[in-house]
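Okay, coords_34.cif is below, mmCIF, C-alpha atoms and all ligand atoms:
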data_coords
#
loop_
_atom_site.label_atom_id
_atom_site.label_comp_id
_atom_site.auth_asym_id
_atom_site.auth_seq_id
_atom_site.Cartn_x
_atom_site.Cartn_y
_atom_site.Cartn_z
CA MET A 146 7.24 35.25 -12.44
CA ILE A 147 8.34 31.61 -12.26
CA ARG A 148 11.97 32.68 -12.46
CA SER A 149 11.61 34.80 -9.36
CA ALA A 150 10.37 31.83 -7.31
CA PRO A 151 12.60 31.44 -4.26
CA GLN A 152 15.54 29.11 -4.36
CA VAL A 153 15.51 26.37 -1.76
CA ILE A 154 18.68 24.87 -0.41
CA VAL A 155 18.72 21.38 1.07
CA HIS A 156 21.88 20.58 2.96
CA VAL A 157 23.07 16.99 2.58
CA VAL A 158 25.32 15.59 5.25
CA ALA A 159 27.50 12.67 4.22
CA SER A 160 29.45 10.36 6.48
CA PRO A 161 33.15 11.25 6.92
CA ALA A 162 34.00 8.07 4.99
CA THR A 163 32.34 9.28 1.81
CA GLY A 164 32.89 13.01 1.64
CA GLU A 165 32.02 16.46 2.82
CA PRO A 166 28.47 17.81 3.23
CA TYR A 167 27.06 19.63 0.21
CA ASP A 168 24.07 21.71 -0.85
CA VAL A 169 21.31 20.85 -3.27
CA ARG A 170 20.10 24.16 -4.75
CA ILE A 171 16.56 23.85 -6.06
CA GLY A 172 14.91 26.68 -7.95
CA PRO A 173 13.53 27.61 -11.34
CA GLY A 174 16.32 29.38 -13.25
CA CYS A 175 19.14 28.32 -10.92
CA ALA A 176 21.00 26.62 -13.80
CA ASP A 177 21.33 30.08 -15.37
CA ARG A 178 23.40 31.00 -12.34
CA LEU A 179 25.58 27.89 -12.64
CA GLY A 180 28.76 29.98 -12.88
CA ASP A 181 28.09 31.57 -9.47
CA ALA A 182 27.37 28.16 -7.95
CA LEU A 183 30.58 26.68 -9.38
CA ARG A 184 32.65 29.60 -8.08
CA ALA A 185 31.07 29.21 -4.65
CA HIS A 186 31.02 25.41 -4.25
CA ALA A 187 33.61 24.05 -6.66
CA PRO A 188 36.24 26.61 -7.57
CA ALA A 189 38.51 25.15 -10.24
CA PHE A 190 40.92 26.24 -12.95
CA ARG A 191 38.82 24.51 -15.57
CA TYR A 192 35.46 22.71 -15.91
CA ALA A 193 34.95 19.47 -17.87
CA VAL A 194 31.23 19.52 -18.63
CA VAL A 195 29.83 16.08 -19.48
CA ALA A 196 26.45 15.60 -21.19
CA ASP A 197 24.86 12.97 -23.42
CA ASP A 198 24.35 14.06 -27.04
CA VAL A 199 20.61 14.82 -26.55
CA VAL A 200 21.10 16.97 -23.46
CA ALA A 201 24.22 18.61 -24.94
CA ARG A 202 22.09 19.92 -27.81
CA LEU A 203 19.12 20.94 -25.64
CA HIS A 204 20.95 22.50 -22.69
CA GLY A 205 24.67 21.66 -22.47
CA GLU A 206 25.98 23.86 -25.29
CA ARG A 207 24.00 26.85 -24.01
CA LEU A 208 25.16 26.38 -20.40
CA VAL A 209 28.80 25.95 -21.44
CA GLY A 210 28.53 29.10 -23.57
CA ARG A 211 27.23 30.95 -20.57
CA LEU A 212 30.05 29.75 -18.34
CA ARG A 213 32.57 30.96 -20.92
CA ASP A 214 30.78 34.32 -21.19
CA GLU A 215 31.22 34.62 -17.45
CA GLY A 216 34.96 34.10 -17.82
CA LEU A 217 35.16 30.45 -16.71
CA LYS A 218 37.19 27.92 -18.68
CA ALA A 219 34.74 25.20 -19.74
CA ASP A 220 34.90 22.34 -22.28
CA LEU A 221 32.00 20.11 -23.31
CA PHE A 222 32.47 16.33 -23.53
CA THR A 223 29.64 14.21 -24.92
CA PHE A 224 28.64 10.55 -25.21
CA GLY A 225 25.63 8.78 -26.74
CA SER A 226 22.39 8.99 -24.76
CA GLY A 227 20.80 5.93 -23.14
CA GLU A 228 21.51 3.29 -20.50
CA SER A 229 23.57 1.18 -22.92
CA ASN A 230 26.16 3.98 -22.91
CA LYS A 231 26.63 3.93 -19.12
CA SER A 232 29.50 1.64 -19.99
CA ARG A 233 33.21 1.01 -19.66
CA ALA A 234 33.57 2.14 -23.29
CA SER A 235 32.00 5.57 -22.56
CA TRP A 236 34.02 5.90 -19.36
CA ALA A 237 37.26 5.19 -21.26
CA ALA A 238 36.34 7.48 -24.17
CA LEU A 239 35.53 10.39 -21.83
CA ILE A 240 38.74 9.91 -19.85
CA ASP A 241 40.82 9.74 -23.04
CA ALA A 242 39.12 12.85 -24.47
CA MET A 243 39.76 14.77 -21.24
CA LEU A 244 43.42 13.69 -21.23
CA ALA A 245 43.78 14.69 -24.88
CA ARG A 246 42.31 18.11 -24.07
CA GLY A 247 44.86 18.60 -21.29
CA ILE A 248 42.42 18.55 -18.38
CA ALA A 249 44.53 18.37 -15.21
CA ARG A 250 43.94 17.75 -11.51
CA ASP A 251 42.85 21.35 -10.98
CA ALA A 252 39.67 20.72 -12.96
CA CYS A 253 36.14 19.88 -11.87
CA VAL A 254 33.62 17.70 -13.73
CA VAL A 255 30.11 19.08 -14.24
CA ALA A 256 27.52 16.41 -15.08
CA ILE A 257 24.56 17.89 -16.98
CA GLY A 258 21.91 15.26 -17.66
CA GLY A 259 19.87 12.38 -16.36
CA GLY A 260 20.94 9.60 -14.01
CA VAL A 261 23.02 7.93 -16.71
CA THR A 262 25.16 11.06 -17.11
CA GLY A 263 25.37 11.68 -13.36
CA ASP A 264 26.49 8.12 -12.62
CA LEU A 265 28.95 7.96 -15.54
CA ALA A 266 30.44 11.46 -15.16
CA GLY A 267 30.61 11.00 -11.39
CA PHE A 268 32.62 7.82 -11.92
CA VAL A 269 34.86 9.58 -14.45
CA ALA A 270 35.51 12.26 -11.80
CA ALA A 271 36.07 9.63 -9.10
CA THR A 272 38.77 7.92 -11.17
CA TYR A 273 40.32 10.73 -13.24
CA MET A 274 43.90 11.18 -12.01
CA ARG A 275 42.83 9.39 -8.80
CA GLY A 276 39.83 11.64 -8.33
CA ILE A 277 38.77 15.21 -9.07
CA PRO A 278 35.63 16.95 -7.76
CA TYR A 279 32.28 16.96 -9.55
CA VAL A 280 29.01 18.87 -9.55
CA GLN A 281 25.62 17.52 -10.61
CA VAL A 282 23.17 19.44 -12.79
CA PRO A 283 20.29 16.95 -13.15
CA THR A 284 17.97 17.35 -16.15
CA THR A 285 15.50 14.48 -15.60
CA LEU A 286 13.02 14.33 -12.75
CA LEU A 287 14.51 11.00 -11.69
CA ALA A 288 17.98 12.49 -11.48
CA MET A 289 16.73 15.60 -9.66
CA ILE A 290 14.94 13.72 -6.90
CA ASP A 291 17.03 10.59 -6.71
CA ALA A 292 20.17 9.86 -8.71
CA SER A 293 21.99 13.18 -8.19
CA VAL A 294 21.81 12.98 -4.39
CA GLY A 295 23.66 10.40 -2.34
CA GLY A 296 27.04 10.02 -3.99
CA LYS A 297 26.62 6.72 -5.81
CA THR A 298 28.54 6.78 -9.09
CA GLY A 299 29.22 3.96 -11.50
CA ILE A 300 28.77 2.14 -14.75
CA ASP A 301 27.08 -1.01 -16.04
CA VAL A 302 29.09 -4.06 -17.13
CA PRO A 303 27.96 -7.18 -19.04
CA ALA A 304 27.34 -9.03 -15.75
CA GLY A 305 24.88 -6.40 -14.53
CA LYS A 306 23.90 -2.82 -13.81
CA ASN A 307 25.97 -0.56 -11.54
CA LEU A 308 28.46 -3.32 -10.70
CA VAL A 309 31.51 -1.05 -11.01
CA GLY A 310 31.56 2.28 -9.24
CA ALA A 311 32.46 4.39 -6.23
CA PHE A 312 30.79 6.30 -3.44
CA VAL A 313 31.86 9.92 -3.91
CA GLN A 314 29.73 12.91 -2.95
CA PRO A 315 29.33 15.80 -5.41
CA ARG A 316 30.44 19.30 -4.38
CA ALA A 317 26.94 20.59 -5.13
CA VAL A 318 23.72 19.68 -6.92
CA ILE A 319 22.02 22.38 -9.00
CA ALA A 320 18.40 21.31 -9.61
CA ASP A 321 16.56 23.64 -11.98
CA PRO A 322 13.00 22.47 -12.72
CA LEU A 323 12.96 24.68 -15.86
CA LEU A 324 15.35 22.19 -17.48
CA LEU A 325 12.55 19.60 -17.33
CA ALA A 326 10.50 21.52 -19.93
CA THR A 327 12.09 19.47 -22.73
CA LEU A 328 11.85 16.09 -20.96
CA PRO A 329 9.61 13.54 -22.78
CA ASP A 330 6.40 12.64 -20.96
CA VAL A 331 7.29 9.00 -20.19
CA HIS A 332 10.51 10.04 -18.48
CA PHE A 333 8.65 12.69 -16.51
CA ARG A 334 6.08 10.19 -15.21
CA ALA A 335 8.81 7.63 -14.52
CA GLY A 336 10.45 10.18 -12.22
CA ILE A 337 7.20 10.71 -10.32
CA ALA A 338 7.22 6.97 -9.47
CA GLU A 339 10.36 7.54 -7.36
CA ALA A 340 8.64 10.42 -5.57
CA VAL A 341 5.72 8.09 -4.78
CA LYS A 342 8.32 5.73 -3.33
CA HIS A 343 9.61 8.50 -1.08
CA GLY A 344 6.07 9.04 0.21
CA MET A 345 5.54 5.31 0.71
CA ILE A 346 8.72 4.78 2.75
CA ALA A 347 8.83 7.97 4.79
CA ASP A 348 5.94 10.42 4.64
CA ALA A 349 2.23 9.59 4.40
CA ALA A 350 1.28 13.28 4.10
CA TYR A 351 3.59 13.62 1.10
CA PHE A 352 2.01 10.51 -0.47
CA GLU A 353 -1.42 12.11 -0.01
CA TRP A 354 -0.17 15.40 -1.44
CA ILE A 355 1.13 13.63 -4.57
CA THR A 356 -2.19 11.80 -4.94
CA ALA A 357 -4.21 15.01 -4.57
CA ASN A 358 -1.94 16.93 -6.96
CA ALA A 359 -1.61 14.22 -9.62
CA ALA A 360 -3.32 16.34 -12.28
CA ALA A 361 -1.19 19.42 -11.55
CA LEU A 362 1.97 17.31 -11.64
CA LEU A 363 1.03 15.70 -14.96
CA ASP A 364 0.32 19.21 -16.31
CA ARG A 365 3.82 20.12 -15.12
CA ASP A 366 2.59 22.94 -12.93
CA PRO A 367 5.87 24.68 -11.89
CA ALA A 368 4.83 25.17 -8.27
CA ALA A 369 3.79 21.52 -7.94
CA ILE A 370 7.07 20.33 -9.49
CA ALA A 371 9.10 22.58 -7.20
CA THR A 372 7.33 21.15 -4.14
CA LEU A 373 7.82 17.59 -5.39
CA VAL A 374 11.55 18.07 -6.02
CA ARG A 375 12.10 19.78 -2.68
CA ARG A 376 10.27 17.21 -0.54
CA SER A 377 11.78 14.21 -2.33
CA VAL A 378 15.31 15.64 -2.03
CA GLU A 379 14.70 16.29 1.68
CA ILE A 380 13.62 12.68 2.20
CA LYS A 381 16.52 11.24 0.22
CA ALA A 382 18.99 13.57 1.98
CA ASP A 383 17.58 12.56 5.34
CA VAL A 384 17.94 8.85 4.64
CA VAL A 385 21.45 9.02 3.15
CA ALA A 386 22.68 11.31 5.92
CA GLU A 387 22.05 8.49 8.34
CA ASP A 388 23.65 5.89 6.17
CA THR A 389 25.81 7.00 3.25
CA LEU A 390 27.35 3.60 2.62
CA GLU A 391 24.04 1.77 2.37
CA THR A 392 24.56 -0.57 5.25
CA ALA A 393 21.28 0.00 7.01
CA ARG A 394 18.51 2.56 6.60
CA ARG A 395 19.53 3.51 3.07
CA ALA A 396 18.19 0.10 2.06
CA THR A 397 14.66 1.50 2.54
CA LEU A 398 15.19 3.47 -0.70
CA ASN A 399 15.23 0.09 -2.44
CA PHE A 400 11.52 -0.43 -1.76
CA GLY A 401 10.03 -1.82 -5.00
CA HIS A 402 13.48 -2.17 -6.54
CA THR A 403 14.15 -5.90 -6.07
CA VAL A 404 11.23 -6.70 -8.34
CA ALA A 405 11.85 -3.59 -10.50
CA HIS A 406 15.40 -4.65 -11.38
CA ALA A 407 14.17 -8.16 -12.21
CA LEU A 408 11.44 -6.69 -14.43
CA GLU A 409 13.94 -4.48 -16.24
CA HIS A 410 16.11 -7.55 -16.78
CA VAL A 411 13.36 -9.84 -18.14
CA THR A 412 11.98 -7.10 -20.41
CA ASN A 413 15.47 -6.34 -21.74
CA PHE A 414 15.17 -2.83 -20.30
CA GLU A 415 12.20 -2.05 -22.55
CA LEU A 416 10.24 -1.25 -19.41
CA ILE A 417 11.85 1.97 -18.20
CA HIS A 418 13.11 2.13 -14.63
CA GLY A 419 10.38 4.30 -13.09
CA PHE A 420 7.63 2.16 -14.63
CA ALA A 421 9.36 -0.98 -13.30
CA VAL A 422 9.53 0.70 -9.86
CA ALA A 423 5.76 1.36 -9.93
CA LEU A 424 5.09 -2.33 -10.56
CA GLY A 425 7.84 -3.41 -8.17
CA MET A 426 6.29 -1.38 -5.34
CA LEU A 427 2.91 -3.00 -5.99
CA ALA A 428 4.42 -6.50 -5.98
CA GLU A 429 6.44 -5.80 -2.83
CA CYS A 430 3.36 -4.38 -1.06
CA ARG A 431 1.69 -7.68 -1.83
CA VAL A 432 4.74 -9.60 -0.52
CA GLY A 433 4.52 -7.57 2.69
CA GLU A 434 0.80 -8.17 2.98
CA LEU A 435 1.35 -11.92 2.58
CA LEU A 436 4.09 -11.85 5.24
CA GLY A 437 1.84 -9.89 7.59
CA VAL A 438 4.39 -7.04 7.59
CA THR A 439 2.45 -4.55 5.47
CA ALA A 440 -0.96 -3.26 6.57
CA PRO A 441 -3.81 -4.66 4.48
CA GLU A 442 -5.06 -2.36 1.67
CA THR A 443 -1.66 -0.62 1.36
CA GLY A 444 -1.16 -2.03 -2.14
CA GLN A 445 -4.67 -0.99 -3.11
CA ARG A 446 -4.07 2.60 -2.03
CA LEU A 447 -0.79 2.65 -3.90
CA ALA A 448 -2.46 1.29 -7.05
CA GLY A 449 -5.06 4.09 -6.90
CA THR A 450 -2.32 6.73 -6.76
CA LEU A 451 -0.27 5.14 -9.55
CA GLU A 452 -3.35 5.05 -11.79
CA ARG A 453 -4.00 8.75 -11.20
CA LEU A 454 -0.41 9.42 -12.24
CA ARG A 455 -0.84 7.28 -15.37
CA LEU A 456 1.80 4.87 -14.12
CA PRO A 457 1.48 1.12 -14.84
CA VAL A 458 -0.35 -1.17 -12.42
CA ARG A 459 -0.34 -4.25 -14.66
CA LEU A 460 2.57 -6.52 -15.54
CA PRO A 461 3.57 -6.20 -19.20
CA VAL A 462 1.84 -8.71 -21.45
CA GLY A 463 3.92 -11.86 -21.91
CA THR A 464 6.14 -11.49 -18.82
CA ASP A 465 6.69 -14.84 -17.16
CA PRO A 466 6.45 -14.61 -13.33
CA ASP A 467 8.90 -17.51 -12.94
CA ARG A 468 11.54 -15.58 -14.91
CA ILE A 469 10.96 -12.54 -12.70
CA VAL A 470 11.47 -14.68 -9.57
CA GLU A 471 14.62 -16.16 -11.07
CA ALA A 472 15.97 -12.72 -12.01
CA THR A 473 15.63 -11.40 -8.44
CA ARG A 474 18.44 -13.75 -7.40
CA PHE A 475 20.96 -11.75 -9.43
CA ASP A 476 20.12 -8.66 -7.43
CA LYS A 477 22.84 -7.27 -5.19
CA LYS A 478 20.40 -7.52 -2.29
CA ALA A 479 20.11 -11.32 -2.66
CA ARG A 480 21.94 -13.19 0.09
CA ALA A 481 22.42 -16.92 0.55
CA GLY A 482 20.00 -17.78 -2.25
CA LEU A 483 17.10 -15.91 -0.70
CA THR A 484 15.68 -12.79 -2.27
CA ARG A 485 15.68 -9.74 -0.03
CA CYS A 486 13.15 -6.93 -0.24
CA ALA A 487 12.84 -3.57 1.52
CA LEU A 488 9.17 -3.49 2.54
CA VAL A 489 6.78 -0.91 3.96
CA ALA A 490 4.75 -1.32 7.13
CA ARG A 491 2.09 1.04 5.80
CA VAL A 492 1.79 4.07 3.53
CA GLY A 493 4.47 6.43 4.89
CA GLY A 494 6.67 4.02 6.81
CA SER A 495 9.30 1.37 6.08
CA ALA A 496 9.14 -1.95 7.89
CA ARG A 497 11.88 -3.55 10.01
CA THR A 498 12.38 -7.20 10.89
CA GLU A 499 12.27 -8.33 14.52
CA SER A 500 16.06 -8.16 14.60
CA GLY A 501 15.98 -4.57 13.31
CA ASP A 502 16.92 -5.22 9.66
CA TRP A 503 15.48 -2.97 6.95
CA THR A 504 15.21 -5.87 4.47
CA PHE A 505 13.25 -9.11 4.60
CA ASP A 506 14.04 -12.59 3.28
CA VAL A 507 11.43 -13.59 0.73
CA SER A 508 11.05 -17.17 -0.49
CA ASP A 509 10.44 -17.91 -4.17
CA PRO A 510 6.87 -19.24 -3.64
CA ARG A 511 5.93 -16.11 -1.66
CA LEU A 512 7.29 -13.83 -4.37
CA ARG A 513 5.55 -15.88 -7.03
CA ALA A 514 2.24 -15.60 -5.11
CA ALA A 515 2.65 -11.81 -4.91
CA LEU A 516 3.31 -11.58 -8.66
CA ASP A 517 0.30 -13.80 -9.36
CA ALA A 518 -1.85 -11.31 -7.47
CA LEU A 519 -0.93 -8.52 -9.93
CA PRO A 520 -3.13 -8.10 -12.99
CA ILE A 521 -1.52 -8.63 -16.38
CA ALA A 522 -1.88 -6.06 -19.15
CA LEU A 523 -4.25 -7.14 -21.87
CA SER A 524 -2.11 -5.50 -24.51
CA GLN A 525 1.17 -3.68 -24.79
CA GLU A 526 -0.76 -0.41 -24.70
CA ASN A 527 -1.90 -1.05 -21.14
CA THR A 528 1.69 -1.32 -20.01
CA GLU A 529 2.90 1.76 -21.77
CA VAL A 530 0.04 3.90 -20.40
N1 LIG B 1 23.20 7.17 -8.35
C1 LIG B 1 22.01 6.88 -7.87
O1 LIG B 1 21.77 6.96 -6.66
C2 LIG B 1 20.92 6.50 -8.81
C3 LIG B 1 19.61 6.46 -8.36
C4 LIG B 1 18.61 6.14 -9.28
C5 LIG B 1 18.93 5.87 -10.60
N2 LIG B 1 20.24 5.92 -11.01
C6 LIG B 1 20.60 5.65 -12.40
O2 LIG B 1 19.99 6.64 -13.22
C7 LIG B 1 19.82 6.09 -14.54
C8 LIG B 1 18.47 6.48 -15.05
O3 LIG B 1 18.39 7.88 -15.08
P1 LIG B 1 17.39 8.66 -16.06
O4 LIG B 1 16.05 8.03 -16.02
O5 LIG B 1 17.54 10.08 -15.73
O6 LIG B 1 17.96 8.27 -17.50
P2 LIG B 1 18.84 9.02 -18.61
O7 LIG B 1 19.96 9.77 -18.02
O8 LIG B 1 19.16 8.02 -19.65
O9 LIG B 1 17.79 10.06 -19.23
C9 LIG B 1 16.66 9.57 -19.92
C10 LIG B 1 16.59 10.13 -21.35
O10 LIG B 1 16.16 11.49 -21.27
C11 LIG B 1 17.05 12.31 -22.02
N3 LIG B 1 17.04 13.59 -21.32
C12 LIG B 1 17.61 13.88 -20.13
N4 LIG B 1 17.27 15.11 -19.73
C13 LIG B 1 16.49 15.63 -20.69
C14 LIG B 1 15.81 16.86 -20.85
N5 LIG B 1 15.84 17.80 -19.91
N6 LIG B 1 15.10 17.04 -21.99
C15 LIG B 1 15.02 16.07 -22.93
N7 LIG B 1 15.61 14.89 -22.81
C16 LIG B 1 16.34 14.66 -21.73
C17 LIG B 1 18.35 11.58 -22.05
O11 LIG B 1 19.12 11.92 -23.20
C18 LIG B 1 17.90 10.12 -22.11
O12 LIG B 1 17.62 9.76 -23.44
C19 LIG B 1 20.04 4.61 -14.41
O13 LIG B 1 21.28 4.28 -14.98
C20 LIG B 1 20.08 4.35 -12.92
O14 LIG B 1 20.91 3.27 -12.56
C21 LIG B 1 21.22 6.22 -10.14
ZN ZN B 2 15.01 3.79 -8.67
#
Go through the file and emit its structure as structure tokens.
Amino acid sequence: MIRSAPQVIVHVVASPATGEPYDVRIGPGCADRLGDALRAHAPAFRYAVVADDVVARLHGERLVGRLRDEGLKADLFTFGSGESNKSRASWAALIDAMLARGIARDACVVAIGGGVTGDLAGFVAATYMRGIPYVQVPTTLLAMIDASVGGKTGIDVPAGKNLVGAFVQPRAVIADPLLLATLPDVHFRAGIAEAVKHGMIADAAYFEWITANAAALLDRDPAAIATLVRRSVEIKADVVAEDTLETARRATLNFGHTVAHALEHVTNFELIHGFAVALGMLAECRVGELLGVTAPETGQRLAGTLERLRLPVRLPVGTDPDRIVEATRFDKKARAGLTRCALVARVGGSARTESGDWTFDVSDPRLRAALDALPIALSQENTEV
């Protein structure tokens, strides 16, 4: 019954500078038809399938077996799961393994996994023999609605996250919500935080829909998940189509992220990205309210929705607001010593400065005041929800 649910295709248009347009196929069971999708969108002599060790065991080996059964040449390349492996070392090891296996320019990379795999395998594809095509098969909610669309690939280096990379669009994205069945609960909820962000920046009705369907989403109702993935991909596709190189409107997708990245940094990445985004959006709503840019009560509405989704609304116990403020200066969005934030005008709409910019300069005292307005968790439990 679920498997017969219709497949939705969202067409993503990229700028000529960053690649051709491509389709995001969304539908329960569509990963089982991966071979057809590869033949249609990324015909190649051979497929280098990249997955982290967890996803390789859960899905990768099966999908590669299926491709081979269908007569396609496919090899599986794995690396250790987790953000710490989105590294130069993993990039080099994958490249060397592909070279040793005789993968040539007529091959295509298939990234099966979360955002770490998509970013890393995309960067491997971007650099392998000066670039070969790649296809994304996201297996986390975050990757399905965010990381797999938009063509940002890259790795982390000791100086910071995502500091080495390339803009290269995938040939296709195959988003199968059935692959989420094995995803741990925290990662599932973390992904919903990015969907809330999409509602906050672009679509008030979608924000209301997420709020009203919080219970169904947390129960992983397949129809609710399919709607969530489709609408979020549409919003992301719409924003990146206007601005693939992140010079202007794409910056709106960074709502909540200036503070989120700082929180990830000061908690040594113990706070996972989606949870940091939930708190970052709350802090940046408060910044906007203090600047008179964000309508009053926006943060309060957001907090109500986050609580229904069992996402954090309190800063982790023991986090020092001054360290958070300091950490925002390392963000790529910081310019001339001032922190920059993408803010919302209200639920469902991003804010612009008088000169038309999508990001706002925020002084340290203002940011500190916004952080001071957030409650602090009484114990670690309150942060981990
Ligand atoms: N390129 C972009 O535009 C973009 C956008 C947002 C985030 N990102 C990047 O994405 C990364 C975060 O992505 P993520 O949250 O997906 O992390 P992730 O890829 O590390 O996945 C999270 C964990 O879930 C496991 N996992 C993945 N799919 C699973 C499944 N179906 N069942 C069971 N376990 C599964 C993984 O092994 C991993 O341990 C960050 O590096 C971030 O920078 C990129
Ligand atoms: Zn994010």
Counting all atoms listed in the file, which residue out of A:Pro303, A:Gly225, A:Pro315, A:Gly205 sits closest to Asp168 in chain A? A:Pro315
In Å and to one decimal, CA of Pro461 in chain A is distant from CA of Leu416 in chain A by 8.3 Å
With only C-alpha atoms counted, which protein, DNA or RNA residues have an atom no more than 12 Å from (6.8, -0.5, -9.9) in the file frame? Please answer as a PDB file with C-alpha atoms, in the frame of the given file.
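The resulting file, out_5.pdb, is reproduced below:
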ATOM      1  CA  ARG A 334       6.080  10.190 -15.210  1.00  0.00           C
ATOM      2  CA  ALA A 335       8.810   7.630 -14.520  1.00  0.00           C
ATOM      3  CA  GLY A 336      10.450  10.180 -12.220  1.00  0.00           C
ATOM      4  CA  ILE A 337       7.200  10.710 -10.320  1.00  0.00           C
ATOM      5  CA  ALA A 338       7.220   6.970  -9.470  1.00  0.00           C
ATOM      6  CA  GLU A 339      10.360   7.540  -7.360  1.00  0.00           C
ATOM      7  CA  ALA A 340       8.640  10.420  -5.570  1.00  0.00           C
ATOM      8  CA  VAL A 341       5.720   8.090  -4.780  1.00  0.00           C
ATOM      9  CA  LYS A 342       8.320   5.730  -3.330  1.00  0.00           C
ATOM     10  CA  ASN A 399      15.230   0.090  -2.440  1.00  0.00           C
ATOM     11  CA  PHE A 400      11.520  -0.430  -1.760  1.00  0.00           C
ATOM     12  CA  GLY A 401      10.030  -1.820  -5.000  1.00  0.00           C
ATOM     13  CA  HIS A 402      13.480  -2.170  -6.540  1.00  0.00           C
ATOM     14  CA  THR A 403      14.150  -5.900  -6.070  1.00  0.00           C
ATOM     15  CA  VAL A 404      11.230  -6.700  -8.340  1.00  0.00           C
ATOM     16  CA  ALA A 405      11.850  -3.590 -10.500  1.00  0.00           C
ATOM     17  CA  HIS A 406      15.400  -4.650 -11.380  1.00  0.00           C
ATOM     18  CA  ALA A 407      14.170  -8.160 -12.210  1.00  0.00           C
ATOM     19  CA  LEU A 408      11.440  -6.690 -14.430  1.00  0.00           C
ATOM     20  CA  GLU A 409      13.940  -4.480 -16.240  1.00  0.00           C
ATOM     21  CA  LEU A 416      10.240  -1.250 -19.410  1.00  0.00           C
ATOM     22  CA  ILE A 417      11.850   1.970 -18.200  1.00  0.00           C
ATOM     23  CA  HIS A 418      13.110   2.130 -14.630  1.00  0.00           C
ATOM     24  CA  GLY A 419      10.380   4.300 -13.090  1.00  0.00           C
ATOM     25  CA  PHE A 420       7.630   2.160 -14.630  1.00  0.00           C
ATOM     26  CA  ALA A 421       9.360  -0.980 -13.300  1.00  0.00           C
ATOM     27  CA  VAL A 422       9.530   0.700  -9.860  1.00  0.00           C
ATOM     28  CA  ALA A 423       5.760   1.360  -9.930  1.00  0.00           C
ATOM     29  CA  LEU A 424       5.090  -2.330 -10.560  1.00  0.00           C
ATOM     30  CA  GLY A 425       7.840  -3.410  -8.170  1.00  0.00           C
ATOM     31  CA  MET A 426       6.290  -1.380  -5.340  1.00  0.00           C
ATOM     32  CA  LEU A 427       2.910  -3.000  -5.990  1.00  0.00           C
ATOM     33  CA  ALA A 428       4.420  -6.500  -5.980  1.00  0.00           C
ATOM     34  CA  GLU A 429       6.440  -5.800  -2.830  1.00  0.00           C
ATOM     35  CA  CYS A 430       3.360  -4.380  -1.060  1.00  0.00           C
ATOM     36  CA  ARG A 431       1.690  -7.680  -1.830  1.00  0.00           C
ATOM     37  CA  GLY A 444      -1.160  -2.030  -2.140  1.00  0.00           C
ATOM     38  CA  LEU A 447      -0.790   2.650  -3.900  1.00  0.00           C
ATOM     39  CA  ALA A 448      -2.460   1.290  -7.050  1.00  0.00           C
ATOM     40  CA  LEU A 451      -0.270   5.140  -9.550  1.00  0.00           C
ATOM     41  CA  GLU A 452      -3.350   5.050 -11.790  1.00  0.00           C
ATOM     42  CA  LEU A 456       1.800   4.870 -14.120  1.00  0.00           C
ATOM     43  CA  PRO A 457       1.480   1.120 -14.840  1.00  0.00           C
ATOM     44  CA  VAL A 458      -0.350  -1.170 -12.420  1.00  0.00           C
ATOM     45  CA  ARG A 459      -0.340  -4.250 -14.660  1.00  0.00           C
ATOM     46  CA  LEU A 460       2.570  -6.520 -15.540  1.00  0.00           C
ATOM     47  CA  PRO A 461       3.570  -6.200 -19.200  1.00  0.00           C
ATOM     48  CA  LEU A 516       3.310 -11.580  -8.660  1.00  0.00           C
ATOM     49  CA  LEU A 519      -0.930  -8.520  -9.930  1.00  0.00           C
ATOM     50  CA  THR A 528       1.690  -1.320 -20.010  1.00  0.00           C
TER      51      THR A 528
END
When you count all atoms listed in the file, which of these residues is closest to Gly295 in chain A: A:Phe505, A:Tyr273, A:Phe268, A:Phe312?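 For Gly295 in chain A, the nearest of the given residues is A:Phe312.
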Within 10 Å of range 284-292 of chain A: each range 348-397 of chain A residue with its shortest pair, all atoms listed in the file, as a tab-separated table:
residue	atom	partner	partner_atom	distance
A:Ile370	CA	A:Leu286	CA	9.1
A:Leu373	CA	A:Ile290	CA	8.2
A:Val374	CA	A:Ile290	CA	5.6
A:Arg375	CA	A:Ile290	CA	7.9
A:Arg376	CA	A:Ile290	CA	8.6
A:Ser377	CA	A:Ile290	CA	5.6
A:Val378	CA	A:Ile290	CA	5.2
A:Glu379	CA	A:Ile290	CA	9.0
A:Ile380	CA	A:Ile290	CA	9.3
A:Lys381	CA	A:Asp291	CA	7.0
A:Ala382	CA	A:Asp291	CA	9.4
Neighbours of ligand LIG 1 (chain B) within 8 Å, counting only C-alpha atoms and all ligand atoms, as a PyMOL selection string? chain A and resi 197-200+203-204+226-228+231+258-264+283-288+291-301+306-307+324-329+332+335-336+417-419
Provide the CA of Arg316 in chain A to CA of Val280 in chain A distance in Å, to one decimal place. 5.4 Å
Of the candidates A:Leu221, A:Leu398, A:Ile240, A:Val195, which one gets nearest to ligand ZN 2 (chain B) if we count all atoms listed in the file?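 For ligand ZN 2 (chain B), the nearest of the candidates is A:Leu398.
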Would you please work out which residue, of A:Arg485, A:Val411, A:Thr397, A:Gly449, is nearest to ligand ZN 2 (chain B) when using all atoms listed in the file? A:Thr397
Which of these, A:Ile257, A:Met243, A:His343, A:Ala196, has the shortest distance to ligand ZN 2 (chain B) once you count all atoms listed in the file?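 Of all the options, A:His343 lies closest to ligand ZN 2 (chain B).
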May I have the centre and edge lengths, in Å to one decimal, of an axis-aligned box around the listed atoms of range 288-303 of chain A with 5 Å added to every side, as lines of an AutoDock Vina configuration file?
center_x = 22.1
center_y = 4.2
center_z = -10.7
size_x = 24.3
size_y = 32.8
size_z = 26.7
